[in-house]
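Beneath this line is the structure, given in structure tokens, with notes to follow.
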Amino acid sequence: MSSIDKVLARIESNFESSLDRLFDLLKIKSISTDPEFAAPCREAADWLALELNSIGFEASVRDTAGHPMVVGHRKSGKPGPHVLFYGHYDVQPVDPLELWEQDPFEPKIKTREDGSKVIVARGSSDDKGQLMTFVEAARAYIEETGDLPIDVTILFEGEEESGSPSLEPFLKSHKEELSCDLALVCDTGMWDAETPAIAVMLRGMVGDEIIVKAASRDLHSGMYGGSAQNPNHIVAAIIAGLHDDNGKVTLPGFYDGVIELPEDVSKMWDGLGFSVEEFLGEVGLKYPRGENDRKPLEHLWSRPTVEVNGMWGGYQGAGSKTVIPAQAHAKFTFRLVGDQDPDKIQASFRDYVRSKVPADCSVDFIAKEGSPALRLDFKMPALEKGEIALKKEWGKDAALTGMGGSIPIVGDFKRMLGMDTLMIGYGLEDDQIHSPNEKYNLTSFHKGIRSWARVLDELSKN
């Protein structure tokens with residue numbers, strides 16, 4: 001029997017106790033955003049450090065200006081990459097409590113109508129269940145073989161659900177200790193309950209707010225209408241001109257740095273069975289928008305966008321007030337992909353806006369912080385090994401997916417520590433994270449442990 005087969009057998013024999021340990025962690029009310037739960041957050045950090053030490057890591061709780069970090073090291077000295085595994089032990093508030101079918105911090109296994117079993121508790125999916133898949137995989141590996149197949153550092157934070165205010169200072173002050181060859185993040189999901197996934201693209205973002213000013217005061221529309229500039233009309237024209245008839249963004253240079261999908265990835269996405277009708281139907285819509293010559297998953301994952309997030313000007317109260325407003329406002333966000341430069345996008349947008357504002361009017365800008373997109377090299381050895389490991393466990397090719405939003409920690413790892421990140425998670429869309437009755441499929445927890453063991457095994461191979 002090979003080493004990995006022995007480790008997988010140990011996972012099976014450990015599974016009930018692995019579940020018990022997860023339940024113990026889920027019972028801790030580590031709500032990071034509410035100062036009332038500072039002590040439970042510390043308790044969760046202490047609990048994790050104790051567990052890591054018990055299986056042979058050198059782990060400790062590190063104080064920050066907010067909730068503590070947990071850092072653990074296990075150096076095997078064996079060939080292969082040194083990996084940093086990241087997770088977070090803090091959870092969202094449970095409100096509205098009355099919508100929970102049970103105590104959010106008394107985890108239970110429930111059987112659903114389709115016969116599947118789920119773990120119901122706050123944090124079961126986001127992110128305690130996810131991070132414990134890795135801890136339990138490491139436990140089985142060490143217990144069975146006496147060591148891990150590669151060097152592993154673990155970082156657990158306690159403020160992810162409240163904006164991670166302590167994370168950047170901590171990474172800066174511990175750069176040498178935490179810089180590894182590769183980061184592993186398990187705060188993502190599967191394509192569906194039977195298809196594993198590796199997130200390979202995260203869109204970046206940059207935003208701006210405009211304030212268009214015309215007359216020195218609001219004007220009577222009967223006296224000045226048709227003669228004086230109306231800032232609402234100017235903002236409307238700015239918005240209308242951002243896209244052409246084919247759905248493309250019109251800003252000069254906007255598509256600089258946008259990279260075309262490799263053909264094999266495009267075919268993989270075609271085979272995922274994504275239905276845009278079902279996707280939009282869930283929110284009461286029917287007809288997709290975006291670039292006419294692009295497929296629905298490209299719109300969501302690999303193409304850049306501009307959206308108007310808010311617009312206002314003039315009278316907002318009940319009834320009618322016949323004014324031409326002195327100023328009008330709009331807020332915009334740009335989702336970026338590939339090598340698009342947030343600063344260049346913002347500069348192009350501002351030049352465009354200025355070109356649309358009449359000479360006797362003005363525009364002010366309020367900048368929003370930007371970040372570039374992130375993507376993995378599709379030929380990166382660690383990605384290929386992750387695909388191999390997941391296929392061995394799930395019996396299906398892993399979907400290489402994009403994410404419409406971003407995971408800030410992944411950007412921090414790249415920007416501050418120079419590391420790429422392999423994003424493998426076992427959550428599902430219906431896990432109801434941040435909502436009442438959060439759940440994590442029992443299969444996700446079980447096969448997640450097995451999957452990480454296989455990933456560690458594959459990463460150790462030349």
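Residues are referred to by chain and number: the chain letter is A, B, ... according to the order shown in the structure tokens, the number counts from 1 in that chain, and ligands are numbered separately from 1 in the order shown.
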
Who sits within 6 Å of segment 227-234 of chain A, only C-alpha atoms, same chain under 2 positions skipped, as a list of chain:residue names:
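The filter keeps A:Val212, A:Tyr224, A:Gly225, A:Ala236, A:Ala237, A:Ile324, A:Gln327, A:Ala328.
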
Write to file, as a PDB file, in the first residue's frame, the residues of the selection just made, with N, CA and C atoms.
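Generated output (selection-v4.pdb):
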ATOM      1  N   VAL A 212     -20.994  66.411 -11.063  1.00  0.00           N
ATOM      2  CA  VAL A 212     -21.071  67.390 -12.142  1.00  0.00           C
ATOM      3  C   VAL A 212     -21.830  68.618 -11.628  1.00  0.00           C
ATOM      4  N   TYR A 224     -35.707  78.584 -16.585  1.00  0.00           N
ATOM      5  CA  TYR A 224     -34.392  78.285 -17.175  1.00  0.00           C
ATOM      6  C   TYR A 224     -34.372  77.041 -18.057  1.00  0.00           C
ATOM      7  N   GLY A 225     -35.482  76.273 -18.055  1.00  0.00           N
ATOM      8  CA  GLY A 225     -35.498  75.043 -18.835  1.00  0.00           C
ATOM      9  C   GLY A 225     -35.286  75.294 -20.317  1.00  0.00           C
ATOM     10  N   ALA A 236     -26.388  61.612 -17.417  1.00  0.00           N
ATOM     11  CA  ALA A 236     -27.057  60.582 -18.211  1.00  0.00           C
ATOM     12  C   ALA A 236     -26.318  60.341 -19.524  1.00  0.00           C
ATOM     13  N   ALA A 237     -25.851  61.411 -20.153  1.00  0.00           N
ATOM     14  CA  ALA A 237     -25.112  61.271 -21.415  1.00  0.00           C
ATOM     15  C   ALA A 237     -23.777  60.564 -21.185  1.00  0.00           C
ATOM     16  N   ILE A 324     -34.166  72.536 -11.987  1.00  0.00           N
ATOM     17  CA  ILE A 324     -32.964  72.036 -12.657  1.00  0.00           C
ATOM     18  C   ILE A 324     -31.886  72.025 -11.583  1.00  0.00           C
ATOM     19  N   GLN A 327     -26.308  70.368  -9.242  1.00  0.00           N
ATOM     20  CA  GLN A 327     -25.297  69.328  -9.414  1.00  0.00           C
ATOM     21  C   GLN A 327     -25.945  67.949  -9.459  1.00  0.00           C
ATOM     22  N   ALA A 328     -25.199  67.000 -10.017  1.00  0.00           N
ATOM     23  CA  ALA A 328     -25.653  65.609 -10.098  1.00  0.00           C
ATOM     24  C   ALA A 328     -24.459  64.697  -9.832  1.00  0.00           C
TER      25      ALA A 328
END

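Those residues that approach Glu278 of chain A to within 12 Å, counting only C-alpha atoms, are Gly284, Leu285, Lys286, Tyr287, Pro288 and Pro296 of chain A; same-chain residues fewer than 6 positions away are not listed.
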
I'd like to know which of A:Thr188, A:Asn309, A:Asn14, A:Asn246 is closest to Asp126 of chain A, using only C-alpha atoms.
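Closest to Asp126 of chain A of all the choices is A:Thr188.
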
Could the residues of segment 148-248 of chain A that have an atom at most 9 Å from segment 419-441 of chain A be listed as CSV, each with its closest atom pair and the distance in Å to one decimal, counting only C-alpha atoms and ordered by chain and ascending residue number?
residue,atom,partner,partner_atom,distance
A:Ser179,CA,A:Met419,CA,7.4
A:Cys180,CA,A:Met419,CA,6.9
A:Asp181,CA,A:Met419,CA,6.2
A:Leu182,CA,A:Met419,CA,5.5
A:Ala183,CA,A:Thr421,CA,4.5
A:Leu184,CA,A:Leu422,CA,5.0
A:Val185,CA,A:Met423,CA,4.8
A:Cys186,CA,A:Gly425,CA,4.4
A:Asp187,CA,A:Gly425,CA,5.7
A:Thr188,CA,A:Gly425,CA,4.3
A:Gly189,CA,A:Gly427,CA,4.1
A:Met190,CA,A:Tyr426,CA,5.2
A:Trp191,CA,A:Leu428,CA,7.5
A:Asp192,CA,A:Leu428,CA,6.5
A:Ala193,CA,A:Leu428,CA,6.8
A:Pro196,CA,A:Tyr426,CA,7.2
A:Ala197,CA,A:Ile424,CA,6.5
A:Ile198,CA,A:Ile424,CA,5.0
A:Ala199,CA,A:Met423,CA,5.4
A:Val200,CA,A:Met423,CA,7.3

Using only N, CA and C atoms, please write the residues we just selected to a file, as a short mmCIF file (atom, residue, chain, number, x, y, z; two decimals), in the first residue's frame.
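File produced: out_14.cif:
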data_model
loop_
_atom_site.label_atom_id
_atom_site.label_comp_id
_atom_site.auth_asym_id
_atom_site.auth_seq_id
_atom_site.Cartn_x
_atom_site.Cartn_y
_atom_site.Cartn_z
N SER A 179 6.69 34.28 3.97
CA SER A 179 6.94 34.16 2.53
C SER A 179 7.30 32.71 2.20
N CYS A 180 6.51 32.10 1.34
CA CYS A 180 6.72 30.71 0.95
C CYS A 180 6.72 30.61 -0.57
N ASP A 181 6.74 29.40 -1.07
CA ASP A 181 6.74 29.21 -2.52
C ASP A 181 5.35 29.30 -3.12
N LEU A 182 4.35 28.96 -2.32
CA LEU A 182 2.98 28.88 -2.83
C LEU A 182 2.01 29.02 -1.67
N ALA A 183 0.92 29.75 -1.89
CA ALA A 183 -0.14 29.85 -0.89
C ALA A 183 -1.29 28.93 -1.28
N LEU A 184 -1.96 28.40 -0.27
CA LEU A 184 -3.16 27.58 -0.46
C LEU A 184 -4.30 28.26 0.28
N VAL A 185 -5.41 28.45 -0.39
CA VAL A 185 -6.58 29.10 0.21
C VAL A 185 -7.79 28.20 -0.01
N CYS A 186 -8.56 27.97 1.06
CA CYS A 186 -9.72 27.08 0.99
C CYS A 186 -11.01 27.83 1.26
N ASP A 187 -11.05 29.12 0.92
CA ASP A 187 -12.25 29.93 1.17
C ASP A 187 -13.03 30.11 -0.13
N THR A 188 -13.04 29.06 -0.96
CA THR A 188 -13.74 29.11 -2.24
C THR A 188 -14.66 27.89 -2.34
N GLY A 189 -15.14 27.60 -3.54
CA GLY A 189 -16.15 26.54 -3.64
C GLY A 189 -15.95 25.62 -4.82
N MET A 190 -16.84 24.65 -4.92
CA MET A 190 -16.87 23.70 -6.02
C MET A 190 -17.81 24.22 -7.10
N TRP A 191 -17.71 23.63 -8.30
CA TRP A 191 -18.64 24.00 -9.35
C TRP A 191 -20.04 23.50 -9.01
N ASP A 192 -20.13 22.25 -8.59
CA ASP A 192 -21.37 21.72 -8.06
C ASP A 192 -21.00 20.63 -7.05
N ALA A 193 -21.98 19.95 -6.50
CA ALA A 193 -21.72 19.03 -5.40
C ALA A 193 -20.86 17.84 -5.78
N PRO A 196 -15.27 19.19 -8.47
CA PRO A 196 -14.36 20.09 -7.77
C PRO A 196 -13.95 21.25 -8.67
N ALA A 197 -13.38 22.26 -8.06
CA ALA A 197 -12.99 23.44 -8.84
C ALA A 197 -11.72 24.05 -8.26
N ILE A 198 -10.98 24.69 -9.13
CA ILE A 198 -9.85 25.52 -8.73
C ILE A 198 -10.09 26.89 -9.34
N ALA A 199 -10.14 27.91 -8.49
CA ALA A 199 -10.33 29.27 -8.99
C ALA A 199 -9.00 29.78 -9.54
N VAL A 200 -8.99 30.16 -10.80
CA VAL A 200 -7.76 30.58 -11.45
C VAL A 200 -7.76 32.06 -11.85
#

Neighbouring residues of segment 247-263 of chain A were defined as those with any atom within 8 Å, considering only C-alpha atoms; residues of the same chain fewer than 5 positions away were excluded. Please report them as a ChimeraX atom specification.
/A:241-242,289-292,302-306,337-341,345,348-349,352

Please produce an output containing N, CA and C atoms for each residue in the selection, written as an mmCIF file, in the first residue's frame.
data_model
loop_
_atom_site.group_PDB
_atom_site.id
_atom_site.type_symbol
_atom_site.label_atom_id
_atom_site.label_comp_id
_atom_site.auth_asym_id
_atom_site.auth_seq_id
_atom_site.Cartn_x
_atom_site.Cartn_y
_atom_site.Cartn_z
ATOM 1 N N GLY A 241 -22.930 56.882 -22.943
ATOM 2 C CA GLY A 241 -21.828 56.756 -23.890
ATOM 3 C C GLY A 241 -20.760 55.763 -23.495
ATOM 4 N N LEU A 242 -20.900 55.112 -22.347
ATOM 5 C CA LEU A 242 -19.870 54.180 -21.880
ATOM 6 C C LEU A 242 -19.876 52.853 -22.636
ATOM 7 N N ARG A 289 -27.047 40.779 -20.753
ATOM 8 C CA ARG A 289 -26.433 41.922 -21.428
ATOM 9 C C ARG A 289 -24.932 41.658 -21.493
ATOM 10 N N GLY A 290 -24.175 42.657 -21.877
ATOM 11 C CA GLY A 290 -22.736 42.501 -22.014
ATOM 12 C C GLY A 290 -22.341 42.446 -23.480
ATOM 13 N N GLU A 291 -21.078 42.150 -23.724
ATOM 14 C CA GLU A 291 -20.571 42.101 -25.093
ATOM 15 C C GLU A 291 -21.300 41.008 -25.877
ATOM 16 N N ASN A 292 -21.853 41.377 -27.000
ATOM 17 C CA ASN A 292 -22.703 40.465 -27.762
ATOM 18 C C ASN A 292 -21.975 39.232 -28.271
ATOM 19 N N SER A 302 -14.118 36.421 -17.119
ATOM 20 C CA SER A 302 -12.898 36.767 -17.845
ATOM 21 C C SER A 302 -12.992 38.035 -18.676
ATOM 22 N N ARG A 303 -14.104 38.764 -18.591
ATOM 23 C CA ARG A 303 -14.235 40.010 -19.331
ATOM 24 C C ARG A 303 -14.399 41.178 -18.358
ATOM 25 N N PRO A 304 -13.853 42.336 -18.719
ATOM 26 C CA PRO A 304 -13.966 43.503 -17.848
ATOM 27 C C PRO A 304 -15.325 44.181 -17.995
ATOM 28 N N THR A 305 -15.720 44.898 -16.982
ATOM 29 C CA THR A 305 -17.024 45.558 -16.998
ATOM 30 C C THR A 305 -16.932 46.954 -16.398
ATOM 31 N N VAL A 306 -17.919 47.753 -16.710
ATOM 32 C CA VAL A 306 -18.159 49.003 -15.987
ATOM 33 C C VAL A 306 -19.629 49.018 -15.589
ATOM 34 N N VAL A 337 -9.718 42.575 -15.525
ATOM 35 C CA VAL A 337 -9.214 41.227 -15.775
ATOM 36 C C VAL A 337 -7.814 41.331 -16.366
ATOM 37 N N GLY A 338 -7.153 40.172 -16.453
ATOM 38 C CA GLY A 338 -5.860 40.105 -17.122
ATOM 39 C C GLY A 338 -4.857 41.080 -16.549
ATOM 40 N N ASP A 339 -4.240 41.865 -17.437
ATOM 41 C CA ASP A 339 -3.211 42.823 -17.031
ATOM 42 C C ASP A 339 -3.705 44.263 -17.113
ATOM 43 N N GLN A 340 -4.996 44.474 -17.046
ATOM 44 C CA GLN A 340 -5.501 45.844 -17.050
ATOM 45 C C GLN A 340 -4.936 46.615 -15.863
ATOM 46 N N ASP A 341 -4.590 47.857 -16.121
ATOM 47 C CA ASP A 341 -3.986 48.725 -15.109
ATOM 48 C C ASP A 341 -5.063 49.604 -14.484
ATOM 49 N N ILE A 345 -7.049 52.795 -16.331
ATOM 50 C CA ILE A 345 -8.503 52.757 -16.539
ATOM 51 C C ILE A 345 -9.143 53.989 -15.930
ATOM 52 N N SER A 348 -8.365 57.067 -18.059
ATOM 53 C CA SER A 348 -9.140 57.096 -19.298
ATOM 54 C C SER A 348 -10.580 57.500 -19.018
ATOM 55 N N PHE A 349 -11.145 56.972 -17.935
ATOM 56 C CA PHE A 349 -12.517 57.322 -17.567
ATOM 57 C C PHE A 349 -12.631 58.818 -17.278
ATOM 58 N N TYR A 352 -12.539 60.869 -20.388
ATOM 59 C CA TYR A 352 -13.816 60.739 -21.090
ATOM 60 C C TYR A 352 -14.880 61.623 -20.440
#

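Of note, atom CA of Asp90 of chain A and atom CA of Gly207 of chain A are spaced 28.3 Å apart.
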
When you look at segment 33-49 of chain A with a cut-off of 6 Å (counting only C-alpha atoms), what residues show up, excluding the ones that are within fewer than 6 positions of it in the same chain? I need them as a PyMOL selection string.
chain A and resi 59-60+162

What residues in segment 155-381 of chain A get the DSSP label alpha helix (DSSP H)? Please answer as a ChimeraX atom specification.
/A:167-173,175-178,221-224,231-240,263-270,276-281,296-301,342-356,381

Those of segment 44-189 of chain A in DSSP strand (DSSP E or B), formatted as a ChimeraX atom specification:
/A:58-62,69-74,83-88,91,108-111,117-120,152-157,182-185,189

Selected residues written out with N, CA and C atoms, as a CSV table (one decimal), in the first residue's frame:
chain,number,residue,atom,x,y,z
A,58,GLU,N,4.7,23.7,15.2
A,58,GLU,CA,5.2,24.7,16.2
A,58,GLU,C,4.2,25.9,16.0
A,59,ALA,N,3.2,26.0,16.8
A,59,ALA,CA,2.2,27.0,16.6
A,59,ALA,C,2.0,27.9,17.8
A,60,SER,N,1.6,29.1,17.5
A,60,SER,CA,1.4,30.1,18.5
A,60,SER,C,0.4,31.1,18.1
A,61,VAL,N,-0.2,31.8,19.1
A,61,VAL,CA,-1.2,32.8,18.9
A,61,VAL,C,-0.4,34.2,18.9
A,62,ARG,N,-0.6,35.0,17.9
A,62,ARG,CA,0.1,36.2,17.8
A,62,ARG,C,-0.9,37.4,18.0
A,69,MET,N,-3.8,36.5,15.4
A,69,MET,CA,-3.5,35.5,14.4
A,69,MET,C,-3.0,34.2,15.0
A,70,VAL,N,-3.1,33.2,14.2
A,70,VAL,CA,-2.5,31.9,14.6
A,70,VAL,C,-1.5,31.5,13.5
A,71,VAL,N,-0.3,31.3,13.9
A,71,VAL,CA,0.8,30.9,13.0
A,71,VAL,C,1.4,29.5,13.4
A,72,GLY,N,1.5,28.6,12.5
A,72,GLY,CA,2.1,27.3,12.8
A,72,GLY,C,3.1,26.9,11.7
A,73,HIS,N,4.1,26.2,12.1
A,73,HIS,CA,5.1,25.7,11.1
A,73,HIS,C,5.3,24.2,11.3
A,74,ARG,N,5.5,23.5,10.2
A,74,ARG,CA,5.9,22.2,10.2
A,74,ARG,C,7.0,22.0,9.1
A,83,VAL,N,4.7,25.5,1.4
A,83,VAL,CA,3.3,26.1,1.2
A,83,VAL,C,2.8,26.8,2.4
A,84,LEU,N,2.1,27.9,2.2
A,84,LEU,CA,1.4,28.6,3.3
A,84,LEU,C,-0.1,28.4,3.1
A,85,PHE,N,-0.7,27.7,4.1
A,85,PHE,CA,-2.2,27.6,4.1
A,85,PHE,C,-2.8,28.6,4.9
A,86,TYR,N,-3.8,29.3,4.3
A,86,TYR,CA,-4.5,30.4,5.0
A,86,TYR,C,-6.0,30.0,5.2
A,87,GLY,N,-6.5,30.4,6.3
A,87,GLY,CA,-8.0,30.3,6.6
A,87,GLY,C,-8.3,31.4,7.7
A,88,HIS,N,-9.6,31.5,7.9
A,88,HIS,CA,-10.0,32.4,9.0
A,88,HIS,C,-11.0,31.7,9.9
A,91,VAL,N,-16.3,34.4,12.3
A,91,VAL,CA,-17.6,34.2,11.6
A,91,VAL,C,-18.4,35.5,11.5
A,108,LYS,N,-25.3,20.7,14.2
A,108,LYS,CA,-26.0,19.4,14.0
A,108,LYS,C,-25.8,18.9,12.6
A,109,ILE,N,-25.9,17.6,12.4
A,109,ILE,CA,-26.0,17.0,11.1
A,109,ILE,C,-27.4,16.7,10.8
A,110,LYS,N,-27.9,17.3,9.7
A,110,LYS,CA,-29.2,17.1,9.2
A,110,LYS,C,-29.3,16.4,7.9
A,111,THR,N,-30.3,15.6,7.7
A,111,THR,CA,-30.5,14.9,6.4
A,111,THR,C,-31.6,15.6,5.6
A,117,LYS,N,-26.5,14.6,3.6
A,117,LYS,CA,-26.3,15.1,5.0
A,117,LYS,C,-25.5,16.4,5.0
A,118,VAL,N,-25.9,17.3,5.9
A,118,VAL,CA,-25.2,18.6,5.9
A,118,VAL,C,-25.0,18.9,7.4
A,119,ILE,N,-23.9,19.7,7.6
A,119,ILE,CA,-23.5,20.2,8.9
A,119,ILE,C,-24.1,21.6,9.0
A,120,VAL,N,-25.0,21.9,9.9
A,120,VAL,CA,-25.6,23.2,10.1
A,120,VAL,C,-25.1,23.9,11.3
A,152,VAL,N,5.2,23.0,5.5
A,152,VAL,CA,3.9,23.7,5.6
A,152,VAL,C,3.9,24.8,6.7
A,153,THR,N,3.5,26.0,6.3
A,153,THR,CA,3.2,27.0,7.3
A,153,THR,C,1.7,27.3,7.3
A,154,ILE,N,1.1,27.6,8.4
A,154,ILE,CA,-0.3,27.8,8.5
A,154,ILE,C,-0.5,29.2,9.1
A,155,LEU,N,-1.5,30.0,8.5
A,155,LEU,CA,-1.9,31.3,9.0
A,155,LEU,C,-3.4,31.3,9.1
A,156,PHE,N,-3.9,31.5,10.3
A,156,PHE,CA,-5.3,31.7,10.5
A,156,PHE,C,-5.5,33.1,11.1
A,157,GLU,N,-6.4,33.8,10.5
A,157,GLU,CA,-6.7,35.1,11.0
A,157,GLU,C,-8.1,35.2,11.6
A,182,LEU,N,4.3,29.0,-2.3
A,182,LEU,CA,3.0,28.9,-2.8
A,182,LEU,C,2.0,29.0,-1.7
A,183,ALA,N,0.9,29.8,-1.9
A,183,ALA,CA,-0.1,29.8,-0.9
A,183,ALA,C,-1.3,28.9,-1.3
A,184,LEU,N,-2.0,28.4,-0.3
A,184,LEU,CA,-3.2,27.6,-0.5
A,184,LEU,C,-4.3,28.3,0.3
A,185,VAL,N,-5.4,28.5,-0.4
A,185,VAL,CA,-6.6,29.1,0.2
A,185,VAL,C,-7.8,28.2,0.0
A,189,GLY,N,-15.1,27.6,-3.5
A,189,GLY,CA,-16.1,26.5,-3.6
A,189,GLY,C,-15.9,25.6,-4.8

Write out as a list in words each polymer residue whose atoms come within 10 Å of Pro79 of chain A, counting only C-alpha atoms; drop sequence neighbours fewer than 6 positions from it.
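Counting only the stated atoms, we get Pro149, Ile150, Asp151, Leu459, Ser460, Lys461 and Asn462 of chain A.
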
Deliver the residues from the most recent selection as a file, using C-alpha atoms, as a compact mmCIF listing (two decimals), in the first residue's frame.
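Written out: result-v4.txt:
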# COMPACT_ATOMS: atom_id res chain seq x y z
CA PRO A 149 5.49 15.38 2.59
CA ILE A 150 6.47 19.06 2.19
CA ASP A 151 7.10 22.05 4.46
CA LEU A 459 2.93 18.74 -4.62
CA SER A 460 5.69 16.61 -3.12
CA LYS A 461 6.37 14.87 -6.43
CA ASN A 462 9.11 16.05 -8.80

Expressed in Å to a single decimal, how great is the separation between atom CA of Glu159 of chain A and atom CA of Thr133 of chain A?
20.1 Å

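For the set A:Thr401, A:Arg122, A:Phe445, A:Ala9, the residue with the smallest atom-to-atom gap to Leu97 of chain A is A:Arg122, counting only C-alpha atoms.
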